[in-house]
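Enquirer: My structure is below; once you've seen it, I'll send some questions.
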Amino acid sequence: MKIFLETYGCQMNVSDSSKINYLFAEQGYQPTTVSQEADLIVINTCSVREKPELKIFSALGRYIPLKSNRPELVIAVGGCVAQQWGDKLIKRCPGLDIVFGTHQLDSLPELVTKIRQSRKSVRKSVAVTDFQERPGGLEVMPLPAPGTINAMVTIMQGCDNFCSYCIVPYVRGREYSRPHAKIIEEVRRLARAGIKEVMLLGQNVNSYGLKETGEIGFAELLAKVHEVEGIERIRFTTSHPKDMSDAVISAFATLPKLSPYLHLPLQAGSDAVLQKMGRGYSVADYLAKVDKLRSAVPDIALTTDIIVGFPGESASDFQKTLAMLDRVRYDQIYSFKYSIRPGTRAAEFVDIVPDGEKRDRLARCQARQDEISQEILDAQVGRVSEVLVTGSSKRGAGEWSGRTPENRIVNFLAPAGTQAGDFFQVKIVTALKHSLKGEVIS
Ligand code: 5AD
Ligand code: SF4
C-alpha cells in the first residue's frame, strides 16, 4: 500500500503530516510522491488565507479523477479547511471519502479501514471534525528518517487569542499544552535517533503550560529541553509578543543551546491597526521587548509576520509598518495581503483597502525588506560562525550547506567524510542573495 501526502500551510501542518506518515508506516504503508500510484491520498489543508484554501479544491480536482483507473483509491482531507467545512466538504466534492479535523489526526488509519470495509458493501464517506478537549495525535511521536538532524516537537496546540483577522482559533480550537514529561521523553528519543536541533512548535508557545493546572511554564520547559544530552540547538515558534516574558528573554542569555533567533510576529506598525487586530500590545510594547532581547543577546536575529491592507489601514498607518522594518531590522519577514476570513471579527469590518492598494503596499514592504535583508547578510562577511551542517549543497561538488546559530544559510567546501550534524567554524567570505558563502577554519 502506498500513501501520497500533500501538505499546505504552516509548520504545525508539516509536523502533523509527519505524524500521519508515521501512523501509516506502522501499518505497512510506503510514502510515494507519485499520486497515480497511491492507494491513499491525504491532503493536509490550510485556511489561514484564501489562496491556500482555494488550492485544496484544485488539488481535489486533480486527484478525484484518478479513481476512474484506481477504484480502490481512498482520498482524505484533513487540517484546517477540513475542520471548518466538515461534512459540507464531502457534499461539495463527490468522490472525497474522508474529512478529518485538526483534533482527529490519530483516527485516520481507522477511518481508512472503515471506508475500505464499507466499500465491499456500499460506498460511504465519513466526516469527523468535532473538537476534542485534547487534540488526538499529539502523543504520536514520529522517528526521524536516518540522516535527519533537525526535528519539530509540538508542545502545545490551539490558540485562545482570537486576533480579529485570524481563523486559527476556530480551526485549531482552544489552547492545550502537552505534559512536559511527554515532551522531554520525545526530545530524548529524538536525540537518541541523532537529532541535533529541535524546533518547539505551537500556535502560541509563550503561553505553554498556563492553561493546565500544575504545569511548568515555557521558560522552565526550555531549561528542561536544554538539559537533554545530544541536543545542540533549540529553536521555537510561534511567539506572541504580548506573552514574551522576561524569563524567556533571559533564557536566551543563559541557555547556550537556545539559538539567537526569534520569530516575533508584529503584524502592523500602527497602534490603531494593532488595536483593531486585537493584538494586545502597542508598538512601544513591542519595541520594549525587542530592546530587551537585543540587550540580552546583541546579535539575535529576528524575523516577523506582516499583514498589509488590514481594514482601515491608511497610507500613514502603512508608513509606520515600513518604519518598523527600519527600526527593528529583521533578517527576514513573511508579509501577506490581508485576506478576509469568513467568521472572524474582521470579516465584519467595512473599511476595506482596495486590492490594488494592498498589492502596492505588499510590494513596497517586500522591496524595503529585501534591501535590509541584503545589508544584514553583507555585514556578516569577515565574521566567523559556528555552522551546523544540514546536508550537501544543491551545487554538489563537495559543497555543504549549513546554518549559523542565527539560522542563516551558509554554503562551504568541507573536508571528505563530512556529514549532516557536524559542526564547523566557518569564516564568511561572500554574501549572496539569500545565503552566505564561507570557508572552513576548523
Ligand atoms: N490575512 C492575511 N494574513 C493572515 N495571517 C493570519 N491571518 C491572516 C489573514 N486573514 C498571517 C499572520 C500570521 C501568519 C501565520 O499569517 O501574519 O502571523
Ligand atoms: Fe491567529 Fe493571533 Fe492566535 Fe496567532 S495569536 S494563531 S495570529 S489568533
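Letters for chains follow the order of the C-alpha cells (A, B, ...), residue numbers begin at 1 for each chain, and ligand numbers begin at 1 in the order shown.
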Pick out the residues no farther than 7 Å from ligand 2, counting only C-alpha atoms and all ligand atoms, and list them as a VMD selection string.

Expert: chain A and resid 159 to 163 166 to 169 203 to 204 240 279

Enquirer: What are the closest atom pairs, with distances in Å to one decimal, for all residues of chain A lying within 8 Å of ligand 1? Consider only C-alpha atoms and all ligand atoms, order rows by chain and residue number, and present the result as JSON lines.

Expert:
{"residue": "A:Cys10", "atom": "CA", "partner": "ligand 1", "partner_atom_place_in_ligand_line": "15 (C)", "distance": 7.1}
{"residue": "A:Val48", "atom": "CA", "partner": "ligand 1", "partner_atom_place_in_ligand_line": "7 (N)", "distance": 5.1}
{"residue": "A:Arg49", "atom": "CA", "partner": "ligand 1", "partner_atom_place_in_ligand_line": "9 (C)", "distance": 5.2}
{"residue": "A:Glu50", "atom": "CA", "partner": "ligand 1", "partner_atom_place_in_ligand_line": "1 (N)", "distance": 7.9}
{"residue": "A:Tyr165", "atom": "CA", "partner": "ligand 1", "partner_atom_place_in_ligand_line": "10 (N)", "distance": 4.6}
{"residue": "A:Cys166", "atom": "CA", "partner": "ligand 1", "partner_atom_place_in_ligand_line": "7 (N)", "distance": 4.2}
{"residue": "A:Ile167", "atom": "CA", "partner": "ligand 1", "partner_atom_place_in_ligand_line": "7 (N)", "distance": 6.4}
{"residue": "A:Val168", "atom": "CA", "partner": "ligand 1", "partner_atom_place_in_ligand_line": "7 (N)", "distance": 7.7}
{"residue": "A:Pro265", "atom": "CA", "partner": "ligand 1", "partner_atom_place_in_ligand_line": "18 (O)", "distance": 5.7}
{"residue": "A:Leu266", "atom": "CA", "partner": "ligand 1", "partner_atom_place_in_ligand_line": "17 (O)", "distance": 7.8}
{"residue": "A:Gln267", "atom": "CA", "partner": "ligand 1", "partner_atom_place_in_ligand_line": "17 (O)", "distance": 5.5}
{"residue": "A:Thr304", "atom": "CA", "partner": "ligand 1", "partner_atom_place_in_ligand_line": "18 (O)", "distance": 7.9}
{"residue": "A:Asp305", "atom": "CA", "partner": "ligand 1", "partner_atom_place_in_ligand_line": "17 (O)", "distance": 4.5}
{"residue": "A:Ile306", "atom": "CA", "partner": "ligand 1", "partner_atom_place_in_ligand_line": "17 (O)", "distance": 5.1}
{"residue": "A:Ile307", "atom": "CA", "partner": "ligand 1", "partner_atom_place_in_ligand_line": "17 (O)", "distance": 5.3}
{"residue": "A:Val308", "atom": "CA", "partner": "ligand 1", "partner_atom_place_in_ligand_line": "2 (C)", "distance": 7.7}
{"residue": "A:Phe310", "atom": "CA", "partner": "ligand 1", "partner_atom_place_in_ligand_line": "1 (N)", "distance": 7.9}
{"residue": "A:Tyr334", "atom": "CA", "partner": "ligand 1", "partner_atom_place_in_ligand_line": "17 (O)", "distance": 7.3}
{"residue": "A:Ser335", "atom": "CA", "partner": "ligand 1", "partner_atom_place_in_ligand_line": "17 (O)", "distance": 6.7}
{"residue": "A:Phe336", "atom": "CA", "partner": "ligand 1", "partner_atom_place_in_ligand_line": "3 (N)", "distance": 5.1}
{"residue": "A:Lys337", "atom": "CA", "partner": "ligand 1", "partner_atom_place_in_ligand_line": "2 (C)", "distance": 5.3}
{"residue": "A:Tyr338", "atom": "CA", "partner": "ligand 1", "partner_atom_place_in_ligand_line": "1 (N)", "distance": 3.7}
{"residue": "A:Ser339", "atom": "CA", "partner": "ligand 1", "partner_atom_place_in_ligand_line": "1 (N)", "distance": 3.7}
{"residue": "A:Ile340", "atom": "CA", "partner": "ligand 1", "partner_atom_place_in_ligand_line": "10 (N)", "distance": 5.3}
{"residue": "A:Arg341", "atom": "CA", "partner": "ligand 1", "partner_atom_place_in_ligand_line": "10 (N)", "distance": 5.4}

Enquirer: Would you list the contacts of A:Thr321 as number ranges by chain, taking every protein, DNA or RNA residue within 12 Å and counting only C-alpha atoms, but skipping same-chain residues closer than 4 positions in sequence?

Expert: A: 266-274, 283, 304-310, 313-317, 325-329, 333, 335, 361-362, 364-366, 368-369

Enquirer: Those residues with N, CA, C and O atoms, as a CSV table (one decimal), in the first residue's frame please?

Expert:
chain,number,residue,atom,x,y,z
A,266,LEU,N,4.9,40.8,14.2
A,266,LEU,CA,4.5,42.2,14.5
A,266,LEU,C,3.1,42.5,14.0
A,266,LEU,O,2.3,43.1,14.6
A,267,GLN,N,2.8,42.1,12.8
A,267,GLN,CA,1.6,42.2,12.0
A,267,GLN,C,1.4,43.6,11.5
A,267,GLN,O,1.1,43.8,10.3
A,268,ALA,N,1.6,44.7,12.3
A,268,ALA,CA,1.4,46.1,11.8
A,268,ALA,C,2.2,47.0,12.7
A,268,ALA,O,2.4,46.7,13.8
A,269,GLY,N,2.6,48.2,12.1
A,269,GLY,CA,3.4,49.1,12.8
A,269,GLY,C,2.6,50.3,13.3
A,269,GLY,O,3.2,51.3,13.8
A,270,SER,N,1.3,50.2,13.3
A,270,SER,CA,0.5,51.3,13.7
A,270,SER,C,-0.4,50.9,14.9
A,270,SER,O,-1.0,49.8,14.9
A,271,ASP,N,-0.4,51.7,16.0
A,271,ASP,CA,-1.2,51.3,17.2
A,271,ASP,C,-2.6,51.2,16.8
A,271,ASP,O,-3.3,50.3,17.4
A,272,ALA,N,-3.1,52.1,16.0
A,272,ALA,CA,-4.6,52.0,15.6
A,272,ALA,C,-4.9,50.6,15.0
A,272,ALA,O,-5.9,50.0,15.3
A,273,VAL,N,-4.0,50.2,14.1
A,273,VAL,CA,-4.3,48.9,13.4
A,273,VAL,C,-4.1,47.8,14.4
A,273,VAL,O,-4.9,46.8,14.4
A,274,LEU,N,-3.0,47.8,15.2
A,274,LEU,CA,-2.8,46.7,16.1
A,274,LEU,C,-4.0,46.6,17.1
A,274,LEU,O,-4.4,45.5,17.4
A,283,VAL,N,3.0,49.5,19.6
A,283,VAL,CA,4.3,49.5,19.0
A,283,VAL,C,5.4,49.7,20.1
A,283,VAL,O,6.4,49.0,20.1
A,304,THR,N,9.8,38.2,11.2
A,304,THR,CA,8.4,38.6,11.6
A,304,THR,C,7.4,38.3,10.6
A,304,THR,O,7.7,37.9,9.5
A,305,ASP,N,6.1,38.5,11.0
A,305,ASP,CA,5.0,38.4,10.0
A,305,ASP,C,4.4,39.8,9.9
A,305,ASP,O,4.2,40.4,10.9
A,306,ILE,N,4.0,40.2,8.7
A,306,ILE,CA,3.4,41.5,8.5
A,306,ILE,C,2.1,41.2,7.6
A,306,ILE,O,2.1,40.5,6.7
A,307,ILE,N,1.0,41.9,8.0
A,307,ILE,CA,-0.2,41.9,7.2
A,307,ILE,C,-0.3,43.3,6.7
A,307,ILE,O,-0.3,44.3,7.5
A,308,VAL,N,-0.5,43.5,5.3
A,308,VAL,CA,-0.7,44.8,4.8
A,308,VAL,C,-2.2,44.9,4.3
A,308,VAL,O,-2.8,43.9,3.9
A,309,GLY,N,-2.7,46.1,4.4
A,309,GLY,CA,-4.1,46.3,3.9
A,309,GLY,C,-5.2,45.8,4.8
A,309,GLY,O,-6.3,45.4,4.3
A,310,PHE,N,-4.9,45.8,6.1
A,310,PHE,CA,-6.0,45.4,7.1
A,310,PHE,C,-7.0,46.5,7.0
A,310,PHE,O,-6.7,47.7,6.7
A,313,GLU,N,-6.5,50.4,7.3
A,313,GLU,CA,-5.1,50.8,7.3
A,313,GLU,C,-4.9,52.0,6.3
A,313,GLU,O,-5.1,51.8,5.1
A,314,SER,N,-4.6,53.1,6.9
A,314,SER,CA,-4.4,54.3,6.0
A,314,SER,C,-2.9,54.3,5.5
A,314,SER,O,-2.1,53.5,5.9
A,315,ALA,N,-2.7,55.2,4.5
A,315,ALA,CA,-1.3,55.3,4.0
A,315,ALA,C,-0.3,55.6,5.1
A,315,ALA,O,0.8,55.1,5.1
A,316,SER,N,-0.8,56.4,6.1
A,316,SER,CA,0.2,56.8,7.1
A,316,SER,C,0.4,55.6,8.1
A,316,SER,O,1.5,55.4,8.7
A,317,ASP,N,-0.7,54.8,8.3
A,317,ASP,CA,-0.5,53.6,9.1
A,317,ASP,C,0.5,52.7,8.5
A,317,ASP,O,1.4,52.1,9.1
A,325,LEU,N,10.2,48.3,10.0
A,325,LEU,CA,11.3,47.4,9.3
A,325,LEU,C,12.6,48.1,9.5
A,325,LEU,O,13.6,47.4,9.8
A,326,ASP,N,12.7,49.4,9.4
A,326,ASP,CA,13.9,50.1,9.6
A,326,ASP,C,14.4,50.1,11.0
A,326,ASP,O,15.6,50.1,11.3
A,327,ARG,N,13.4,50.2,11.9
A,327,ARG,CA,13.8,50.3,13.3
A,327,ARG,C,14.3,49.0,13.8
A,327,ARG,O,15.3,48.9,14.5
A,328,VAL,N,13.6,47.9,13.5
A,328,VAL,CA,13.9,46.6,14.1
A,328,VAL,C,15.0,45.9,13.3
A,328,VAL,O,15.8,45.2,13.8
A,329,ARG,N,15.0,46.1,12.0
A,329,ARG,CA,15.9,45.4,11.1
A,329,ARG,C,15.9,43.9,11.2
A,329,ARG,O,16.8,43.2,11.8
A,333,ILE,N,11.2,38.9,6.6
A,333,ILE,CA,9.8,39.0,7.0
A,333,ILE,C,9.0,38.1,6.1
A,333,ILE,O,9.3,37.7,5.0
A,335,SER,N,5.4,38.5,4.6
A,335,SER,CA,4.4,39.5,4.5
A,335,SER,C,3.2,39.0,3.6
A,335,SER,O,3.4,38.3,2.6
A,361,ARG,N,1.2,48.0,-1.5
A,361,ARG,CA,1.8,48.1,-0.2
A,361,ARG,C,2.7,46.9,0.1
A,361,ARG,O,3.8,47.0,0.6
A,362,LEU,N,2.2,45.7,-0.4
A,362,LEU,CA,3.0,44.5,-0.2
A,362,LEU,C,4.3,44.6,-0.9
A,362,LEU,O,5.4,44.2,-0.4
A,364,ARG,N,5.9,47.2,-1.8
A,364,ARG,CA,6.8,48.2,-1.2
A,364,ARG,C,7.5,47.7,0.1
A,364,ARG,O,8.6,47.9,0.4
A,365,CYS,N,6.6,46.9,0.8
A,365,CYS,CA,7.1,46.3,2.1
A,365,CYS,C,8.2,45.3,1.8
A,365,CYS,O,9.3,45.3,2.4
A,366,GLN,N,8.0,44.5,0.8
A,366,GLN,CA,8.9,43.4,0.4
A,366,GLN,C,10.2,44.0,-0.1
A,366,GLN,O,11.3,43.6,0.1
A,368,ARG,N,11.5,47.0,0.5
A,368,ARG,CA,12.3,47.6,1.6
A,368,ARG,C,13.0,46.5,2.4
A,368,ARG,O,14.2,46.6,2.7
A,369,GLN,N,12.3,45.4,2.7
A,369,GLN,CA,12.8,44.4,3.5
A,369,GLN,C,14.0,43.7,2.7
A,369,GLN,O,15.0,43.3,3.3

Enquirer: From stretch 208-424 of chain A, collect each residue whose DSSP state is alpha helix (DSSP H) and return the set as a PyMOL selection string.

Expert: chain A and resi 218-226+246-254+271-277+283-296+315-328+355-378

Enquirer: Write out as an MDAnalysis selection string the residues lying within 8 Å of stretch 134-143 of chain A, counting only C-alpha atoms and excluding same-chain residues fewer than 3 positions away.

Expert: chainID A and resid 18:19 22:23 102:107 131 154 157 176 178 182 186 190 193

Enquirer: Just the number, please: distance in Å from atom CA of A:Gly78 to atom CA of A:Leu201, one decimal.

Expert: 19.0 Å
